[in-house]
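Visitor: To be precise about what I am sending: the file is called target_2.cif and holds mmCIF, C-alpha atoms, pLDDT in the B column; chains and numbers go by the auth columns.
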data_input
loop_
_atom_site.group_PDB
_atom_site.id
_atom_site.type_symbol
_atom_site.label_atom_id
_atom_site.label_comp_id
_atom_site.label_asym_id
_atom_site.label_seq_id
_atom_site.Cartn_x
_atom_site.Cartn_y
_atom_site.Cartn_z
_atom_site.B_iso_or_equiv
_atom_site.auth_seq_id
_atom_site.auth_asym_id
ATOM 1 C CA MET A 1 92.377 95.037 134.673 88.00 1 T
ATOM 2 C CA VAL A 2 89.647 95.539 132.090 95.00 2 T
ATOM 3 C CA PRO A 3 89.696 97.517 128.824 95.00 3 T
ATOM 4 C CA LEU A 4 88.309 101.062 128.856 96.00 4 T
ATOM 5 C CA SER A 5 88.378 103.327 125.807 95.00 5 T
ATOM 6 C CA PHE A 6 88.360 107.094 126.241 97.00 6 T
ATOM 7 C CA GLY A 7 89.358 110.057 124.099 96.00 7 T
ATOM 8 C CA GLY A 8 90.617 107.833 121.296 95.00 8 T
ATOM 9 C CA GLN A 9 92.992 106.028 123.680 97.00 9 T
ATOM 10 C CA ALA A 10 92.927 102.498 125.057 97.00 10 T
ATOM 11 C CA PHE A 11 93.211 102.162 128.831 98.00 11 T
ATOM 12 C CA GLN A 12 92.874 99.374 131.351 97.00 12 T
ATOM 13 C CA ALA A 13 90.885 100.086 134.499 97.00 13 T
ATOM 14 C CA THR A 14 91.717 98.482 137.821 94.00 14 T
ATOM 15 C CA ALA A 15 89.434 97.694 140.723 88.00 15 T
ATOM 16 C CA GLU A 16 91.749 99.780 142.939 89.00 16 T
ATOM 17 C CA GLY A 17 90.817 102.897 140.959 93.00 17 T
ATOM 18 C CA ALA A 18 93.873 103.354 138.723 97.00 18 T
ATOM 19 C CA LEU A 19 94.057 103.565 134.961 97.00 19 T
ATOM 20 C CA TYR A 20 96.862 101.900 133.031 98.00 20 T
ATOM 21 C CA TRP A 21 97.717 103.450 129.654 98.00 21 T
ATOM 22 C CA PRO A 22 99.544 100.774 127.633 98.00 22 T
ATOM 23 C CA ALA A 23 100.591 103.084 124.772 97.00 23 T
ATOM 24 C CA ARG A 24 102.660 105.128 127.241 98.00 24 T
ATOM 25 C CA ALA A 25 103.295 102.443 129.879 98.00 25 T
ATOM 26 C CA ALA A 26 101.703 104.964 132.242 98.00 26 T
ATOM 27 C CA LEU A 27 99.580 104.776 135.370 98.00 27 T
ATOM 28 C CA LEU A 28 97.050 107.455 136.310 98.00 28 T
ATOM 29 C CA VAL A 29 95.711 107.789 139.846 98.00 29 T
ATOM 30 C CA ALA A 30 93.769 110.453 141.733 96.00 30 T
ATOM 31 C CA ASP A 31 93.333 111.573 145.321 92.00 31 T
ATOM 32 C CA LEU A 32 95.937 109.611 147.255 93.00 32 T
ATOM 33 C CA HIS A 33 95.466 111.957 150.254 85.00 33 T
ATOM 34 C CA LEU A 34 98.707 110.790 151.825 89.00 34 T
ATOM 35 C CA GLU A 35 98.958 111.480 155.564 78.00 35 T
ATOM 36 C CA LYS A 36 95.256 112.169 155.984 67.00 36 T
ATOM 37 C CA GLY A 37 95.288 110.016 159.101 54.00 37 T
ATOM 38 C CA SER A 38 98.041 112.037 160.797 58.00 38 T
ATOM 39 C CA TRP A 39 96.300 115.297 159.840 48.00 39 T
ATOM 40 C CA TYR A 40 93.165 114.170 161.688 51.00 40 T
ATOM 41 C CA ALA A 41 95.179 112.806 164.601 51.00 41 T
ATOM 42 C CA ALA A 42 96.807 116.217 165.127 53.00 42 T
ATOM 43 C CA ARG A 43 93.293 117.615 165.533 56.00 43 T
ATOM 44 C CA GLY A 44 92.143 115.076 168.082 53.00 44 T
ATOM 45 C CA GLN A 45 90.467 112.512 165.835 56.00 45 T
ATOM 46 C CA MET A 46 92.656 109.453 166.280 57.00 46 T
ATOM 47 C CA LEU A 47 92.794 107.252 163.191 58.00 47 T
ATOM 48 C CA PRO A 48 95.111 104.316 162.479 59.00 48 T
ATOM 49 C CA PRO A 49 98.420 105.790 161.176 61.00 49 T
ATOM 50 C CA TYR A 50 98.845 103.322 158.340 66.00 50 T
ATOM 51 C CA ASP A 51 96.936 104.945 155.468 81.00 51 T
ATOM 52 C CA SER A 52 99.966 106.307 153.596 86.00 52 T
ATOM 53 C CA LEU A 53 101.893 103.045 153.752 89.00 53 T
ATOM 54 C CA ALA A 54 98.815 101.109 152.595 90.00 54 T
ATOM 55 C CA THR A 55 98.252 103.509 149.690 92.00 55 T
ATOM 56 C CA LEU A 56 101.891 103.511 148.587 95.00 56 T
ATOM 57 C CA SER A 57 102.144 99.732 148.905 94.00 57 T
ATOM 58 C CA ALA A 58 99.123 99.335 146.627 95.00 58 T
ATOM 59 C CA LEU A 59 100.634 101.823 144.182 96.00 59 T
ATOM 60 C CA ALA A 60 104.019 100.084 144.185 96.00 60 T
ATOM 61 C CA ALA A 61 102.303 96.754 143.536 96.00 61 T
ATOM 62 C CA LEU A 62 100.542 98.232 140.498 96.00 62 T
ATOM 63 C CA VAL A 63 103.807 99.645 139.170 97.00 63 T
ATOM 64 C CA GLU A 64 105.413 96.221 139.455 97.00 64 T
ATOM 65 C CA ARG A 65 102.391 94.480 137.959 96.00 65 T
ATOM 66 C CA THR A 66 102.188 96.762 134.923 97.00 66 T
ATOM 67 C CA ALA A 67 105.898 97.604 134.489 97.00 67 T
ATOM 68 C CA ALA A 68 104.791 101.246 134.259 98.00 68 T
ATOM 69 C CA ARG A 69 107.370 103.872 133.299 98.00 69 T
ATOM 70 C CA GLU A 70 105.228 106.966 133.902 98.00 70 T
ATOM 71 C CA MET A 71 102.998 108.079 136.761 98.00 71 T
ATOM 72 C CA TRP A 72 100.405 110.852 136.585 98.00 72 T
ATOM 73 C CA CYS A 73 98.799 111.802 139.925 97.00 73 T
ATOM 74 C CA LEU A 74 95.653 113.866 139.381 97.00 74 T
ATOM 75 C CA GLY A 75 95.723 116.083 142.451 88.00 75 T
ATOM 76 C CA ASP A 76 95.181 115.894 146.212 89.00 76 T
ATOM 77 C CA SER A 77 98.056 113.452 146.417 89.00 77 T
ATOM 78 C CA PHE A 78 98.846 114.816 149.901 86.00 78 T
ATOM 79 C CA HIS A 79 96.118 115.763 152.333 62.00 79 T
ATOM 80 C CA ASP A 80 97.854 119.038 153.264 69.00 80 T
ATOM 81 C CA VAL A 81 101.059 120.990 152.667 73.00 81 T
ATOM 82 C CA GLY A 82 102.971 119.125 155.398 70.00 82 T
ATOM 83 C CA GLY A 83 102.106 115.680 154.104 69.00 83 T
ATOM 84 C CA CYS A 84 105.486 114.702 152.692 74.00 84 T
ATOM 85 C CA ASP A 85 107.311 115.802 155.865 77.00 85 T
ATOM 86 C CA ARG A 86 105.003 113.684 158.041 79.00 86 T
ATOM 87 C CA LEU A 87 105.351 110.493 156.041 83.00 87 T
ATOM 88 C CA PRO A 88 106.765 107.681 158.170 85.00 88 T
ATOM 89 C CA GLU A 89 110.343 106.799 157.258 88.00 89 T
ATOM 90 C CA GLN A 90 109.382 103.600 155.447 90.00 90 T
ATOM 91 C CA ALA A 91 106.643 105.313 153.432 88.00 91 T
ATOM 92 C CA GLN A 92 108.858 108.261 152.502 90.00 92 T
ATOM 93 C CA ALA A 93 111.633 105.930 151.337 91.00 93 T
ATOM 94 C CA MET A 94 109.103 103.988 149.268 93.00 94 T
ATOM 95 C CA LEU A 95 107.736 107.166 147.671 93.00 95 T
ATOM 96 C CA ARG A 96 111.161 108.629 146.911 93.00 96 T
ATOM 97 C CA GLY A 97 112.126 105.326 145.310 95.00 97 T
ATOM 98 C CA LEU A 98 109.044 105.380 143.102 96.00 98 T
ATOM 99 C CA THR A 99 109.478 108.999 142.019 96.00 99 T
ATOM 100 C CA SER A 100 113.106 108.364 141.111 96.00 100 T
ATOM 101 C CA ASP A 101 112.342 105.201 139.118 96.00 101 T
ATOM 102 C CA LEU A 102 109.433 106.611 137.075 97.00 102 T
ATOM 103 C CA ALA A 103 108.719 109.745 135.069 97.00 103 T
ATOM 104 C CA TRP A 104 106.464 111.087 137.799 96.00 104 T
ATOM 105 C CA THR A 105 104.146 114.108 137.548 96.00 105 T
ATOM 106 C CA TRP A 106 102.102 115.550 140.394 94.00 106 T
ATOM 107 C CA ILE A 107 99.038 117.510 139.215 95.00 107 T
ATOM 108 C CA THR A 108 98.129 119.994 141.934 92.00 108 T
ATOM 109 C CA GLY A 109 94.769 119.780 143.704 86.00 109 T
ATOM 110 C CA ASN A 110 92.816 121.868 146.181 81.00 110 T
ATOM 111 C CA HIS A 111 94.496 120.123 149.144 67.00 111 T
ATOM 112 C CA ASP A 112 98.093 120.287 147.941 74.00 112 T
ATOM 113 C CA PRO A 113 98.805 123.312 145.700 74.00 113 T
ATOM 114 C CA ALA A 114 101.548 124.815 147.887 73.00 114 T
ATOM 115 C CA ILE A 115 103.664 121.790 148.856 77.00 115 T
ATOM 116 C CA LEU A 116 107.359 122.453 148.282 72.00 116 T
ATOM 117 C CA ASP A 117 108.734 118.959 148.922 73.00 117 T
ATOM 118 C CA ARG A 118 106.727 116.223 147.245 81.00 118 T
ATOM 119 C CA CYS A 119 109.373 113.539 147.730 85.00 119 T
ATOM 120 C CA GLY A 120 110.522 113.862 144.119 89.00 120 T
ATOM 121 C CA GLY A 121 108.754 114.125 140.771 93.00 121 T
ATOM 122 C CA GLU A 122 107.660 117.099 138.681 93.00 122 T
ATOM 123 C CA VAL A 123 104.722 119.401 139.470 93.00 123 T
ATOM 124 C CA ALA A 124 102.118 120.932 137.146 94.00 124 T
ATOM 125 C CA ASP A 125 98.729 122.606 137.582 93.00 125 T
ATOM 126 C CA GLU A 126 97.400 120.679 134.594 95.00 126 T
ATOM 127 C CA VAL A 127 98.833 119.116 131.439 97.00 127 T
ATOM 128 C CA VAL A 128 97.769 117.934 127.989 98.00 128 T
ATOM 129 C CA VAL A 129 99.128 114.506 127.056 97.00 129 T
ATOM 130 C CA ASP A 130 98.444 113.002 123.626 96.00 130 T
ATOM 131 C CA GLY A 131 95.325 115.146 123.281 96.00 131 T
ATOM 132 C CA LEU A 132 93.964 114.395 126.769 98.00 132 T
ATOM 133 C CA VAL A 133 93.645 117.074 129.442 98.00 133 T
ATOM 134 C CA LEU A 134 94.828 115.900 132.859 98.00 134 T
ATOM 135 C CA ARG A 135 93.668 118.065 135.774 97.00 135 T
ATOM 136 C CA HIS A 136 92.388 117.691 139.306 95.00 136 T
ATOM 137 C CA GLU A 137 88.800 118.921 139.024 96.00 137 T
ATOM 138 C CA ALA A 138 86.636 118.577 135.933 96.00 138 T
ATOM 139 C CA ALA A 139 85.856 121.849 134.176 94.00 139 T
ATOM 140 C CA ALA A 140 82.250 121.960 133.007 90.00 140 T
ATOM 141 C CA ASP A 141 83.146 124.068 129.953 92.00 141 T
ATOM 142 C CA GLU A 142 86.061 121.876 128.801 94.00 142 T
ATOM 143 C CA THR A 143 85.415 120.494 125.300 94.00 143 T
ATOM 144 C CA ARG A 144 88.590 118.402 124.989 96.00 144 T
ATOM 145 C CA PRO A 145 88.730 114.865 126.418 97.00 145 T
ATOM 146 C CA GLU A 146 89.519 115.321 130.116 98.00 146 T
ATOM 147 C CA LEU A 147 90.700 113.051 132.914 98.00 147 T
ATOM 148 C CA SER A 148 90.295 114.231 136.501 98.00 148 T
ATOM 149 C CA GLY A 149 89.665 113.235 140.119 96.00 149 T
ATOM 150 C CA HIS A 150 88.530 115.380 143.077 94.00 150 T
ATOM 151 C CA PHE A 151 85.054 113.942 143.675 94.00 151 T
ATOM 152 C CA HIS A 152 85.972 110.435 144.960 93.00 152 T
ATOM 153 C CA PRO A 153 82.939 108.956 143.128 95.00 153 T
ATOM 154 C CA LYS A 154 81.171 105.922 144.562 92.00 154 T
ATOM 155 C CA LEU A 155 78.227 103.939 143.265 92.00 155 T
ATOM 156 C CA ARG A 156 75.645 102.863 145.829 85.00 156 T
ATOM 157 C CA LEU A 157 73.319 99.982 145.020 80.00 157 T
ATOM 158 C CA ARG A 158 70.744 97.829 146.769 72.00 158 T
ATOM 159 C CA VAL A 159 71.830 94.186 146.526 71.00 159 T
ATOM 160 C CA ARG A 160 69.641 91.529 148.160 74.00 160 T
ATOM 161 C CA GLY A 161 68.184 94.108 150.473 71.00 161 T
ATOM 162 C CA ARG A 162 71.547 95.533 151.509 80.00 162 T
ATOM 163 C CA SER A 163 73.177 98.827 150.543 76.00 163 T
ATOM 164 C CA VAL A 164 76.524 98.292 148.826 78.00 164 T
ATOM 165 C CA ALA A 165 78.995 101.054 147.878 80.00 165 T
ATOM 166 C CA ARG A 166 81.782 100.592 145.341 86.00 166 T
ATOM 167 C CA ARG A 167 84.339 103.075 144.104 90.00 167 T
ATOM 168 C CA CYS A 168 83.709 103.798 140.452 95.00 168 T
ATOM 169 C CA TYR A 169 84.724 105.843 137.455 97.00 169 T
ATOM 170 C CA VAL A 170 82.297 108.404 136.045 97.00 170 T
ATOM 171 C CA ALA A 171 82.357 108.761 132.277 96.00 171 T
ATOM 172 C CA THR A 172 80.793 110.713 129.430 96.00 172 T
ATOM 173 C CA GLY A 173 82.053 111.066 125.881 93.00 173 T
ATOM 174 C CA LYS A 174 84.424 113.870 126.919 96.00 174 T
ATOM 175 C CA LYS A 175 84.990 113.400 130.657 97.00 175 T
ATOM 176 C CA LEU A 176 86.368 110.637 132.810 98.00 176 T
ATOM 177 C CA ILE A 177 86.542 111.080 136.595 97.00 177 T
ATOM 178 C CA LEU A 178 88.735 108.606 138.460 98.00 178 T
ATOM 179 C CA PRO A 179 87.823 107.286 141.909 96.00 179 T
ATOM 180 C CA ALA A 180 90.037 108.107 144.878 94.00 180 T
ATOM 181 C CA PHE A 181 92.986 105.721 145.096 94.00 181 T
ATOM 182 C CA GLY A 182 93.881 106.568 148.702 86.00 182 T
ATOM 183 C CA ALA A 183 93.222 104.104 151.500 70.00 183 T
ATOM 184 C CA LEU A 184 91.433 106.676 153.685 66.00 184 T
ATOM 185 C CA THR A 185 89.362 108.830 151.363 76.00 185 T
ATOM 186 C CA GLY A 186 85.627 108.186 151.571 75.00 186 T
ATOM 187 C CA GLY A 187 83.461 108.955 148.569 82.00 187 T
ATOM 188 C CA LEU A 188 80.708 111.040 146.994 89.00 188 T
ATOM 189 C CA ASP A 189 77.637 109.407 145.506 91.00 189 T
ATOM 190 C CA VAL A 190 77.672 109.540 141.705 92.00 190 T
ATOM 191 C CA THR A 191 74.222 111.143 141.707 91.00 191 T
ATOM 192 C CA HIS A 192 75.431 114.133 143.743 92.00 192 T
ATOM 193 C CA PRO A 193 74.624 117.459 142.030 92.00 193 T
ATOM 194 C CA ALA A 194 78.303 118.493 142.092 92.00 194 T
ATOM 195 C CA ILE A 195 79.270 115.517 139.938 94.00 195 T
ATOM 196 C CA ARG A 196 76.325 115.942 137.583 91.00 196 T
ATOM 197 C CA GLN A 197 77.181 119.628 137.165 91.00 197 T
ATOM 198 C CA ALA A 198 80.814 118.813 136.403 93.00 198 T
ATOM 199 C CA VAL A 199 80.174 116.142 133.769 93.00 199 T
ATOM 200 C CA GLY A 200 76.781 117.074 132.322 88.00 200 T
ATOM 201 C CA SER A 201 74.152 114.630 131.142 86.00 201 T
ATOM 202 C CA GLY A 202 74.538 111.093 129.871 89.00 202 T
ATOM 203 C CA ALA A 203 77.095 110.001 132.467 94.00 203 T
ATOM 204 C CA GLN A 204 77.762 106.391 133.361 95.00 204 T
ATOM 205 C CA ALA A 205 79.265 104.866 136.489 95.00 205 T
ATOM 206 C CA LEU A 206 81.876 102.275 135.532 96.00 206 T
ATOM 207 C CA VAL A 207 82.857 99.466 137.912 94.00 207 T
ATOM 208 C CA PRO A 208 85.624 97.007 136.920 92.00 208 T
ATOM 209 C CA VAL A 209 84.751 93.479 138.002 88.00 209 T
ATOM 210 C CA GLU A 210 87.196 90.659 137.194 82.00 210 T
ATOM 211 C CA ASP A 211 87.285 90.565 133.370 84.00 211 T
ATOM 212 C CA ARG A 212 84.525 93.040 132.529 90.00 212 T
ATOM 213 C CA LEU A 213 83.367 96.593 133.068 92.00 213 T
ATOM 214 C CA LEU A 214 79.919 97.077 134.568 92.00 214 T
ATOM 215 C CA ARG A 215 78.122 100.204 133.366 93.00 215 T
ATOM 216 C CA PHE A 216 75.324 101.980 135.248 93.00 216 T
ATOM 217 C CA PRO A 217 73.523 105.093 133.993 92.00 217 T
ATOM 218 C CA VAL A 218 73.863 107.984 136.418 89.00 218 T
ATOM 219 C CA ALA A 219 70.294 109.163 137.017 74.00 219 T
ATOM 220 C CA ALA A 220 69.354 112.403 138.741 53.00 220 T
#
Can you present the structure in this file as C-alpha cells?

Guide:
Amino acid sequence: MVPLSFGGQAFQATAEGALYWPARAALLVADLHLEKGSWYAARGQMLPPYDSLATLSALAALVERTAAREMWCLGDSFHDVGGCDRLPEQAQAMLRGLTSDLAWTWITGNHDPAILDRCGGEVADEVVVDGLVLRHEAAADETRPELSGHFHPKLRLRVRGRSVARRCYVATGKKLILPAFGALTGGLDVTHPAIRQAVGSGAQALVPVEDRLLRFPVAA
C-alpha cells in the first residue's frame, strides 16, 4: 500500500484497487460486480463461475491485512438484482461473515439499486463521511471532495513496443475515481470522454507500484 492524500484525508492505495483509510480503519472499494459470470452464463456466454469467490477472497485478505473495521462499497457491488441469491454457498457464507464482522455500507449503483438481500450490511444511495462524498458515479457539478467508481478506469501505455493496461485511480483536486475491484470487470481507458466529462481538466491517472505512486497526466 502506498500513501495517497485526498480531500484533507490520508489514504493508502492498493494495487488491487482498494483504498485504506487509517483514520477510520476503513476500506473503500468500487464495482465488485459479484455474480457477473453467472449472469452471462444464463444468457449463453459461458464464463468460469469463480469470479465472486475470487473477488471476495481478495477482499477478505485485505480486511485481514489492514484490520479494517469499516467497509464502504461504492456501487455496482452485484452485477444484477439476483446477485446475492446466486452466490455459491461458500461465497455467500464468506460475504455474510464479512458484513457481520464489519460496519458495512453498500452504496447503490446503476447495476444494483433494487436488490433486497445484499447478504447483510446497510444500504445508502450516497453518504458524506468526514467531509467526503461517497457515491457510485461522479457528479460533474459536485464541488465537495468526492470518491466514486462506475467507470472502471484503466491506464494503457506502450512499454517496449507492447501495449500494457493497468487498473488505476483517476484524481483531480476534488474527485477521486476508484478502479473496479471485481475479478471480472474490464475497464475504460482514462482518456475516454465520459471520464474526462465527469472529472474535468487536470486529471491524473494514479498507479500504485510497490512503495510508490506513479502519476500520469490524463491527456485528451

Visitor: Of the candidates T:Ala114, T:Ala165, T:Val159, T:Leu74, which shows the shortest atom-to-atom distance to T:Ala138, using only C-alpha atoms?

Guide: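 For T:Ala138, the nearest of the candidates is T:Leu74.
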
Visitor: Using only C-alpha atoms, find the one residue out of T:Ser5, T:Gly121, T:Phe78, T:Ala13 that sits nearest to T:Thr172.

Guide: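 Of T:Ser5, T:Gly121, T:Phe78, T:Ala13, the one nearest T:Thr172 is T:Ser5, counting only C-alpha atoms.
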
Visitor: Between T:Pro208, T:Gly120, T:Gly187, T:Gly161, which one has atoms that come closest to T:Leu19, using only C-alpha atoms?

Guide: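 Going through T:Pro208, T:Gly120, T:Gly187, T:Gly161 one by one, the smallest distance to T:Leu19 is for T:Pro208.
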
Visitor: For T:Leu214, work out the shell of residues within 12 Å, counting only C-alpha atoms and skipping chain neighbours fewer than 3 positions away, then give it as a list in words.

Guide: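 That gives Val2, Pro3, Leu4, Ala13, Ala15, Leu155, Arg166, Cys168, Tyr169, Val170, Gln204, Ala205, Leu206, Val207, Pro208, Val209, Glu210, Asp211 and Pro217 of chain T.
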
Visitor: Here is a test: counting only C-alpha atoms, which residue of T:Ser77, T:Thr14, T:Thr185, T:Asn110 is nearest to T:Leu213?

Guide: T:Thr14
